[in-house]
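The next block is upload02.txt, given as compact mmCIF, C-alpha atoms and all ligand atoms.
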```
# COMPACT_ATOMS: atom_id res chain seq x y z
CA MET A 438 12.87 9.45 34.00
CA PHE A 439 9.65 8.40 32.29
CA GLU A 440 7.97 11.58 33.54
CA SER A 441 9.80 13.37 30.72
CA LEU A 442 7.64 11.50 28.21
CA SER A 443 4.39 12.91 26.92
CA SER A 444 1.62 10.78 25.47
CA PRO A 445 1.96 10.29 21.72
CA LYS A 446 -0.90 11.31 19.47
CA PRO A 447 -3.06 8.21 18.87
CA ASP A 448 -2.77 6.65 15.41
CA ALA A 449 -5.74 8.01 13.45
CA ILE A 450 -6.52 4.62 11.90
CA LEU A 451 -5.90 2.30 14.86
CA ALA A 452 -7.77 4.67 17.21
CA GLN A 453 -10.99 3.68 15.40
CA MET A 454 -10.87 0.07 16.52
CA ALA A 455 -11.98 0.37 20.15
CA PRO A 456 -14.93 2.78 19.64
CA PHE A 457 -16.22 0.58 16.82
CA LYS A 458 -15.98 -2.54 18.96
CA ASP A 459 -17.79 -0.80 21.84
CA ASP A 460 -20.58 0.58 19.64
CA PRO A 461 -23.69 -1.53 20.54
CA ARG A 462 -25.57 -0.82 17.27
CA ALA A 463 -26.17 -4.05 15.34
CA ASP A 464 -26.07 -2.32 11.96
CA LYS A 465 -22.77 -0.44 12.55
CA MET A 466 -20.33 -0.41 9.62
CA ASN A 467 -16.55 -0.49 9.87
CA LEU A 468 -15.10 1.29 6.86
CA GLY A 469 -12.08 2.56 8.76
CA ILE A 470 -9.48 -0.12 9.26
CA GLY A 471 -7.42 -1.04 6.18
CA VAL A 472 -7.85 -4.79 5.92
CA TYR A 473 -9.74 -6.72 3.27
CA MET A 474 -13.10 -8.08 4.43
CA ASP A 475 -15.46 -10.38 2.58
CA ASP A 476 -19.20 -9.80 2.22
CA LYS A 477 -19.73 -11.16 5.74
CA GLY A 478 -17.26 -8.64 7.14
CA LYS A 479 -14.63 -11.33 7.80
CA THR A 480 -10.90 -11.11 7.10
CA ILE A 481 -10.39 -14.75 6.26
CA ILE A 482 -7.10 -16.59 5.74
CA PRO A 483 -6.93 -17.42 2.01
CA GLY A 484 -7.31 -21.17 1.36
CA VAL A 485 -4.00 -21.24 -0.50
CA VAL A 486 -2.22 -19.84 2.55
CA LYS A 487 -3.70 -22.60 4.72
CA LEU A 488 -2.44 -25.23 2.24
CA ALA A 489 1.05 -23.75 2.10
CA GLU A 490 1.19 -23.46 5.89
CA GLN A 491 0.48 -27.19 6.17
CA LEU A 492 3.24 -27.97 3.68
CA LEU A 493 5.60 -25.74 5.63
CA LEU A 494 4.68 -27.41 8.91
CA ASP A 495 5.31 -30.85 7.42
CA SER A 496 8.63 -29.99 5.81
CA GLU A 497 10.28 -27.56 8.22
CA GLU A 498 13.24 -29.22 9.91
CA SER A 499 14.88 -26.40 11.78
CA LYS A 500 14.16 -23.07 13.37
CA THR A 501 17.71 -21.85 13.09
CA TYR A 502 18.31 -18.26 11.95
CA VAL A 503 17.44 -17.51 8.34
CA GLY A 504 20.12 -14.88 7.67
CA LEU A 505 20.01 -11.10 7.36
CA ALA A 506 18.39 -11.10 3.91
CA GLY A 507 15.72 -13.59 5.03
CA ASN A 508 14.45 -16.35 2.78
CA LEU A 509 16.33 -16.05 -0.53
CA SER A 510 13.77 -17.99 -2.49
CA TYR A 511 11.10 -15.61 -1.19
CA ASN A 512 13.20 -12.65 -2.35
CA GLU A 513 13.43 -14.20 -5.81
CA ALA A 514 9.67 -14.84 -5.84
CA MET A 515 8.99 -11.21 -4.93
CA LYS A 516 11.29 -10.00 -7.69
CA GLU A 517 9.27 -12.04 -10.19
CA ILE A 518 5.92 -10.88 -8.77
CA VAL A 519 6.82 -7.19 -8.75
CA PHE A 520 9.31 -6.79 -11.61
CA ALA A 521 8.47 -9.80 -13.85
CA ASP A 522 11.14 -9.57 -16.56
CA SER A 523 11.66 -5.80 -16.26
CA ALA A 524 14.49 -6.00 -13.68
CA PRO A 525 17.78 -5.15 -15.39
CA GLU A 526 20.17 -8.11 -15.06
CA GLY A 527 22.26 -7.96 -11.87
CA ARG A 528 21.02 -4.50 -10.88
CA VAL A 529 18.05 -5.34 -8.61
CA TYR A 530 18.43 -6.84 -5.14
CA GLY A 531 15.56 -7.70 -2.81
CA MET A 532 15.78 -8.27 0.93
CA GLN A 533 12.97 -9.77 2.99
CA ALA A 534 11.68 -7.29 5.58
CA PRO A 535 9.09 -7.31 8.38
CA GLY A 536 6.10 -6.10 6.36
CA GLY A 537 5.97 -3.24 3.91
CA SER A 538 6.53 -0.98 6.93
CA GLY A 539 9.85 -2.71 7.71
CA ALA A 540 10.89 -2.36 4.06
CA LEU A 541 10.06 1.37 4.04
CA SER A 542 12.02 1.88 7.21
CA VAL A 543 15.16 0.01 6.04
CA LEU A 544 15.12 1.80 2.68
CA ALA A 545 14.73 5.19 4.37
CA LYS A 546 17.89 4.45 6.34
CA LEU A 547 19.66 3.33 3.18
CA MET A 548 18.63 6.56 1.50
CA GLU A 549 20.00 8.53 4.43
CA ARG A 550 23.37 6.78 4.00
CA MET A 551 23.37 7.58 0.28
CA ARG A 552 21.97 11.08 0.36
CA PRO A 553 22.27 12.57 3.85
CA ASN A 554 20.94 15.92 2.60
CA ALA A 555 17.93 14.41 0.92
CA LYS A 556 14.43 15.77 1.16
CA ILE A 557 11.64 13.21 0.94
CA TRP A 558 8.49 14.25 -0.88
CA LEU A 559 5.15 12.69 0.02
CA SER A 560 1.94 13.03 -1.96
CA THR A 561 -0.80 15.23 -0.51
CA PRO A 562 -2.41 13.32 1.05
CA THR A 563 -0.63 10.06 1.75
CA TRP A 564 -0.81 7.08 4.12
CA PRO A 565 -0.40 8.79 7.52
CA ASN A 566 2.34 6.39 8.65
CA HIS A 567 4.68 7.34 5.78
CA ALA A 568 6.12 10.35 7.57
CA ALA A 569 6.83 8.36 10.74
CA LEU A 570 8.45 5.46 8.89
CA LEU A 571 10.51 7.59 6.53
CA SER A 572 11.75 10.44 8.67
CA THR A 573 15.20 9.52 9.88
CA GLY A 574 17.91 11.80 11.27
CA ASN A 575 18.09 15.13 9.49
CA ILE A 576 15.99 14.22 6.53
CA GLU A 577 13.38 16.80 5.74
CA ILE A 578 9.89 15.88 4.58
CA GLY A 579 7.96 17.88 1.98
CA GLU A 580 4.67 17.42 0.13
CA TYR A 581 3.90 17.40 -3.55
CA PRO A 582 0.38 18.06 -4.89
CA TYR A 583 -1.50 14.90 -5.78
CA PHE A 584 -5.24 14.81 -5.13
CA ASP A 585 -7.72 17.39 -6.37
CA PRO A 586 -10.68 17.34 -3.93
CA GLU A 587 -12.86 19.10 -6.50
CA THR A 588 -12.61 16.34 -9.11
CA CYS A 589 -11.58 13.54 -6.69
CA SER A 590 -8.85 12.60 -9.17
CA VAL A 591 -5.10 13.17 -9.51
CA ASP A 592 -4.09 16.76 -10.18
CA PHE A 593 -1.46 15.57 -12.61
CA PRO A 594 -0.40 18.95 -14.05
CA ALA A 595 0.34 20.23 -10.51
CA MET A 596 2.15 17.03 -9.55
CA ALA A 597 4.29 16.99 -12.70
CA ALA A 598 5.12 20.70 -12.36
CA LYS A 599 6.33 20.17 -8.79
CA LEU A 600 8.42 17.12 -9.70
CA ARG A 601 10.12 19.13 -12.46
CA THR A 602 11.48 21.55 -9.82
CA MET A 603 13.30 18.73 -8.00
CA GLY A 604 16.85 17.44 -8.33
CA PRO A 605 19.28 14.73 -7.21
CA ASP A 606 18.88 15.51 -3.50
CA ASP A 607 15.15 14.89 -3.69
CA VAL A 608 13.41 11.58 -3.13
CA VAL A 609 9.84 11.13 -4.28
CA ILE A 610 7.57 8.56 -2.63
CA LEU A 611 5.25 7.07 -5.22
CA HIS A 612 2.37 4.69 -4.53
CA GLY A 613 2.94 1.97 -7.13
CA CYS A 614 -0.82 1.37 -7.46
CA CYS A 615 -4.06 1.73 -5.48
CA HIS A 616 -3.16 5.02 -3.80
CA ASN A 617 -3.84 5.13 -0.06
CA PRO A 618 -5.92 7.01 1.06
CA THR A 619 -7.40 8.57 -2.09
CA GLY A 620 -7.96 5.61 -4.45
CA ALA A 621 -7.04 7.97 -7.34
CA ASN A 622 -4.24 6.68 -9.55
CA LEU A 623 -2.05 7.78 -12.43
CA THR A 624 -2.77 6.43 -15.91
CA ASN A 625 -0.01 4.47 -17.66
CA GLU A 626 0.70 7.50 -19.87
CA GLN A 627 1.12 9.66 -16.76
CA TRP A 628 3.51 7.09 -15.26
CA ASP A 629 5.51 7.26 -18.50
CA GLU A 630 5.74 11.02 -18.10
CA VAL A 631 6.79 10.79 -14.44
CA ALA A 632 9.51 8.28 -15.38
CA GLU A 633 10.84 10.76 -17.95
CA ILE A 634 10.77 13.62 -15.40
CA VAL A 635 12.67 11.45 -12.90
CA LYS A 636 15.26 10.59 -15.55
CA GLU A 637 15.72 14.23 -16.53
CA THR A 638 15.90 15.68 -13.01
CA GLY A 639 17.92 12.91 -11.36
CA LEU A 640 15.56 12.71 -8.37
CA LEU A 641 15.38 9.33 -6.65
CA PRO A 642 12.09 7.41 -7.07
CA PHE A 643 11.03 5.43 -4.01
CA PHE A 644 8.00 3.22 -4.63
CA ASP A 645 5.66 1.90 -1.99
CA ILE A 646 3.59 -0.93 -3.44
CA ALA A 647 1.31 -2.45 -0.84
CA TYR A 648 -1.76 -3.41 -2.88
CA GLN A 649 -0.48 -5.15 -6.02
CA GLY A 650 -3.38 -7.17 -7.47
CA PHE A 651 -6.06 -5.16 -5.64
CA GLY A 652 -6.60 -2.80 -8.59
CA ASP A 653 -6.69 -3.96 -12.20
CA GLY A 654 -4.59 -7.14 -11.92
CA LEU A 655 -1.16 -8.32 -10.75
CA ASP A 656 0.68 -7.24 -13.89
CA GLU A 657 -1.41 -4.14 -14.57
CA ASP A 658 -0.81 -2.86 -11.03
CA ALA A 659 2.96 -3.24 -11.40
CA TYR A 660 3.09 -1.13 -14.59
CA SER A 661 4.60 1.83 -12.74
CA VAL A 662 7.48 -0.07 -11.11
CA ARG A 663 8.24 -2.04 -14.28
CA LYS A 664 8.23 1.12 -16.41
CA PHE A 665 10.69 2.79 -14.05
CA ALA A 666 12.88 -0.35 -13.96
CA SER A 667 13.37 -0.02 -17.70
CA THR A 668 13.73 3.78 -17.72
CA VAL A 669 15.73 5.09 -14.76
CA ASP A 670 19.12 4.14 -13.30
CA GLU A 671 18.32 3.86 -9.62
CA MET A 672 15.27 3.31 -7.49
CA LEU A 673 13.97 1.92 -4.22
CA VAL A 674 10.86 -0.23 -3.87
CA ALA A 675 9.12 -1.27 -0.64
CA VAL A 676 6.65 -4.13 -1.10
CA SER A 677 4.04 -5.54 1.27
CA CYS A 678 2.45 -9.01 1.09
CA SER A 679 0.05 -8.20 3.94
CA LYS A 680 -2.95 -7.53 1.71
CA ASN A 681 -2.51 -9.55 -1.47
CA PHE A 682 -1.59 -12.74 0.43
CA GLY A 683 -3.85 -11.90 3.41
CA ILE A 684 -1.00 -12.48 5.88
CA TYR A 685 -1.10 -9.17 7.73
CA ARG A 686 0.08 -10.38 11.12
CA ASP A 687 2.91 -12.50 9.76
CA ARG A 688 4.77 -9.32 8.75
CA VAL A 689 5.96 -10.08 5.25
CA GLY A 690 7.51 -7.49 2.98
CA CYS A 691 10.47 -6.94 0.72
CA ALA A 692 12.90 -4.04 0.25
CA PHE A 693 14.38 -3.63 -3.25
CA ALA A 694 17.25 -1.47 -4.39
CA MET A 695 17.96 -1.02 -8.08
CA GLY A 696 21.44 0.36 -8.79
CA ALA A 697 22.97 1.93 -11.89
CA ASN A 698 25.24 -1.09 -12.27
CA ALA A 699 25.76 -4.51 -10.70
CA GLU A 700 28.52 -3.33 -8.38
CA THR A 701 26.65 -0.39 -6.81
CA ALA A 702 23.50 -2.52 -6.55
CA SER A 703 25.32 -5.24 -4.60
CA ILE A 704 26.84 -2.60 -2.28
CA ALA A 705 23.33 -1.25 -1.65
CA TYR A 706 22.19 -4.81 -0.82
CA ALA A 707 25.06 -5.26 1.65
CA ASN A 708 24.11 -1.95 3.27
CA MET A 709 20.47 -2.99 3.57
CA GLN A 710 21.52 -6.13 5.44
CA ASN A 711 23.83 -4.11 7.63
CA ILE A 712 20.96 -1.73 8.47
CA ALA A 713 18.63 -4.65 9.26
CA ARG A 714 21.30 -6.11 11.59
CA GLY A 715 21.19 -2.90 13.60
CA ILE A 716 17.40 -2.88 13.99
CA TYR A 717 15.72 -6.30 14.10
CA SER A 718 18.60 -8.43 12.80
CA MET A 719 16.55 -10.98 10.85
CA PRO A 720 12.99 -10.98 9.61
CA PRO A 721 10.34 -13.47 10.79
CA ASP A 722 10.33 -16.51 8.51
CA HIS A 723 6.86 -18.05 8.54
CA GLY A 724 4.90 -15.83 6.13
CA ALA A 725 7.79 -15.42 3.70
CA SER A 726 8.20 -19.18 3.47
CA VAL A 727 4.49 -19.50 2.81
CA VAL A 728 4.74 -16.98 -0.07
CA SER A 729 7.75 -18.81 -1.48
CA ILE A 730 5.94 -22.19 -1.33
CA ILE A 731 2.93 -20.72 -3.12
CA TRP A 732 4.93 -19.00 -5.84
CA ASN A 733 7.07 -22.06 -6.57
CA ASP A 734 4.19 -24.50 -7.00
CA ASP A 735 2.15 -24.09 -10.20
CA ALA A 736 -1.15 -25.25 -8.68
CA LEU A 737 -0.79 -23.10 -5.56
CA LYS A 738 0.30 -20.11 -7.63
CA ALA A 739 -2.82 -20.46 -9.81
CA GLN A 740 -5.00 -20.78 -6.71
CA TRP A 741 -3.46 -17.66 -5.19
CA LYS A 742 -4.07 -15.67 -8.36
CA SER A 743 -7.67 -16.79 -8.44
CA GLU A 744 -8.28 -16.01 -4.74
CA LEU A 745 -6.68 -12.60 -5.27
CA ALA A 746 -8.93 -12.00 -8.28
CA VAL A 747 -11.99 -12.83 -6.14
CA MET A 748 -10.96 -10.07 -3.71
CA SER A 749 -10.20 -7.45 -6.36
CA ASN A 750 -13.28 -8.29 -8.47
CA ARG A 751 -15.45 -7.91 -5.40
CA MET A 752 -14.01 -4.45 -4.70
CA THR A 753 -14.40 -3.35 -8.32
CA SER A 754 -17.98 -4.57 -8.40
CA LEU A 755 -18.77 -2.78 -5.11
CA ARG A 756 -17.32 0.40 -6.60
CA THR A 757 -19.59 0.14 -9.62
CA LYS A 758 -22.63 -0.54 -7.44
CA LEU A 759 -21.81 2.32 -5.06
CA ALA A 760 -21.35 4.77 -7.96
CA ASP A 761 -24.65 3.58 -9.50
CA SER A 762 -26.49 3.95 -6.22
CA PHE A 763 -25.05 7.45 -5.60
CA ARG A 764 -26.09 8.47 -9.12
CA GLU A 765 -29.59 7.13 -8.59
CA GLN A 766 -30.13 8.55 -5.13
CA SER A 767 -28.45 11.94 -5.60
CA GLY A 768 -29.47 12.53 -9.20
CA THR A 769 -25.89 13.73 -9.95
CA ASN A 770 -22.59 12.28 -11.21
CA LYS A 771 -20.73 13.73 -8.26
CA PHE A 772 -19.76 10.35 -6.86
CA ASP A 773 -18.84 8.66 -10.15
CA PHE A 774 -15.20 8.83 -9.05
CA ILE A 775 -15.80 5.86 -6.72
CA GLY A 776 -16.24 3.64 -9.78
CA VAL A 777 -13.04 5.00 -11.34
CA HIS A 778 -10.85 4.74 -8.25
CA ARG A 779 -8.98 1.48 -7.67
CA GLY A 780 -7.81 -0.49 -4.64
CA MET A 781 -9.25 -0.72 -1.20
CA PHE A 782 -9.77 2.99 -0.50
CA SER A 783 -11.59 6.09 -1.68
CA LEU A 784 -11.77 9.55 -0.18
CA LEU A 785 -15.44 10.55 -0.12
CA GLY A 786 -14.83 14.28 0.27
CA LEU A 787 -16.70 14.70 3.59
CA THR A 788 -15.54 17.19 6.21
CA PRO A 789 -14.33 15.89 9.63
CA GLU A 790 -17.62 17.19 11.10
CA GLN A 791 -19.63 15.19 8.57
CA VAL A 792 -17.50 12.12 9.35
CA ASP A 793 -18.33 12.58 13.04
CA LYS A 794 -21.99 12.97 12.24
CA ILE A 795 -22.21 9.84 10.09
CA LYS A 796 -20.58 7.91 12.95
CA LYS A 797 -22.91 9.39 15.55
CA ASP A 798 -26.17 9.28 13.58
CA HIS A 799 -25.67 6.14 11.48
CA GLY A 800 -22.95 4.03 13.17
CA ILE A 801 -20.76 4.29 10.05
CA TYR A 802 -17.06 4.50 10.88
CA MET A 803 -14.49 5.96 8.50
CA ILE A 804 -11.21 7.84 8.89
CA SER A 805 -11.61 11.55 9.69
CA ASP A 806 -10.38 12.53 6.21
CA SER A 807 -13.42 10.51 4.93
CA ARG A 808 -11.36 7.58 3.65
CA ILE A 809 -13.53 4.50 3.32
CA ASN A 810 -12.39 0.92 2.96
CA VAL A 811 -14.53 -0.25 0.06
CA ALA A 812 -14.02 -3.88 1.13
CA GLY A 813 -15.77 -3.05 4.41
CA VAL A 814 -19.02 -2.40 2.50
CA GLN A 815 -21.46 -5.28 2.26
CA GLU A 816 -23.83 -5.53 -0.72
CA ALA A 817 -26.86 -5.37 1.56
CA ASN A 818 -25.58 -2.10 3.07
CA ILE A 819 -24.91 -0.12 -0.08
CA GLU A 820 -28.19 1.76 -0.09
CA ARG A 821 -28.01 2.60 3.61
CA LEU A 822 -24.44 3.86 3.25
CA VAL A 823 -25.27 6.03 0.25
CA LYS A 824 -28.36 7.49 1.97
CA ALA A 825 -26.31 8.28 5.09
CA VAL A 826 -23.51 9.98 3.12
CA LEU A 827 -26.04 12.08 1.22
CA ALA A 828 -27.89 12.93 4.45
CA VAL A 829 -24.79 14.23 6.25
CA SER A 830 -23.43 16.07 3.22
CA ALA A 831 -26.72 17.68 2.18
C1 LIG B 901 0.42 2.58 1.51
C2 LIG B 901 0.89 1.55 2.46
N1 LIG B 901 2.19 1.23 2.49
C3 LIG B 901 2.68 0.31 3.33
C4 LIG B 901 1.86 -0.36 4.20
C5 LIG B 901 2.49 -1.33 5.16
O1 LIG B 901 2.01 -2.58 5.15
P1 LIG B 901 2.51 -3.68 6.19
O2 LIG B 901 1.33 -4.04 7.00
O3 LIG B 901 2.97 -4.79 5.31
O4 LIG B 901 3.61 -3.13 7.00
C6 LIG B 901 0.49 -0.07 4.22
C7 LIG B 901 -0.41 -0.72 5.16
O5 LIG B 901 -1.51 -0.35 5.43
C8 LIG B 901 0.00 0.90 3.32
O6 LIG B 901 -1.29 1.22 3.27
```
Show me the file's structure as structure tokens.
Amino acid sequence: MFESLSSPKPDAILAQMAPFKDDPRADKMNLGIGVYMDDKGKTIIPGVVKLAEQLLLDSEESKTYVGLAGNLSYNEAMKEIVFADSAPEGRVYGMQAPGGSGALSVLAKLMERMRPNAKIWLSTPTWPNHAALLSTGNIEIGEYPYFDPETCSVDFPAMAAKLRTMGPDDVVILHGCCHNPTGANLTNEQWDEVAEIVKETGLLPFFDIAYQGFGDGLDEDAYSVRKFASTVDEMLVAVSCSKNFGIYRDRVGCAFAMGANAETASIAYANMQNIARGIYSMPPDHGASVVSIIWNDDALKAQWKSELAVMSNRMTSLRTKLADSFREQSGTNKFDFIGVHRGMFSLLGLTPEQVDKIKKDHGIYMISDSRINVAGVQEANIERLVKAVLAVSA
């Protein structure tokens, strides 16, 4: 029977890992994979996570099932981290999920139950795995304009105009902050306008927030979600702790549903648990317990915030240095956008052929759409990277 299967297309991001590993060049650069790396190219476990893991190890008395919604104290912690005090009383429920990917997948199935004729709209471009995680059953996927390759910023007039044509059977996927792959983000005023459009048209906002704290700060990066929480009636939010807690492999995320009233919200929550039961049943506990321990201890919480700030400050400083170096070496402002973008990624605007060439000639690996992981850049490599980009794009 297996002969009826054909080989799936390799994942564009994961497919980079093996060729990079096999490349013998000592000065190769990995700007492809989407994990935070320090200036030595290491993805370390944050110190605060190590401390919380020890506390968990010492206090854990049982490995019995956690329940369909996972660790309830984790869910409460995530509500505070993402919504702060913007969550309308009784109308927001969070359910632990296996990573942000698990949260996206559960919420897509919830959406299908609510709006079986829905069309999901993704930004052009978006994280390539969105379509796979969100397409369920008959649900159609469409694209709304987002990134202007000429200016390397958000084409907000085009985005807003498209959203205004939508209605209650439409679901719009919004990157809460630190857009992947472009790095270009909406201003707070633009988020205010999108919230008003959503309210007027009745379309369902579905946030994916996977990089909170990697942009301008924990609270600043949650502006979008918090604004919507106080403006619209209903929304979905998929959250990932992979990056901001550095616990990628522990698979920690949270799926939120905000309902128009307490009764519909609690029915949505029951449905989310019912959906989880039919897929993986219960989420893995370890990482969620670690997050809960950190958030509920003042000293650990402060340490986490400061370790997170070290990561985001490093990325912001690399962005400034890259933009400065591009300005110096090219004699133009063409690459100033790198300093304006936020989060781990920026699209450089190279063609797939130029991306191939920079890999072949310089050992610099990026995604074929020219997405770079800014955290993969080391201070000592900035000049070499800039020279190589200018050489292949000349
Ligand atoms: C935009 C976006 N959403 C969601 C995720 C999923 O993260 P997780 O590893 O927690 O499943 C990622 C991971 O790269 C992402 O970039």
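Computed from the coordinates, the atom CA of A:Cys589 to atom CA of A:Gly786 distance equals 7.7 Å.
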Spatial neighbours of stretch 606-613 of chain A, max dist 9 Å, only C-alpha atoms, sep filter under 5 positions, as a ChimeraX atom specification: /A:548,552-560,563,567,581,600,622,639-649,658-662,674
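Across the model, the gap from atom C4 of ligand LIG 901 (chain B) to atom CA of A:Arg714 is 21.6 Å.
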Near A:Ser762, within 8 Å and counting only C-alpha atoms, which residues show up once chain neighbours fewer than 5 positions away are dropped, as an MDAnalysis selection string? chainID A and resid 819:820 823
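When all atoms listed in the file are used to measure the gap to A:Glu790, the shortest distance among A:Ala568, A:Val829, A:Val631, A:Leu759 belongs to A:Val829.
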Let me have all residues with an atom within 7 Å of ligand LIG 901 (chain B), counting all atoms listed in the file, laid out as an MDAnalysis selection string. chainID A and resid 471 536:539 564 612 616:617 645:647 677:679 685 688:690
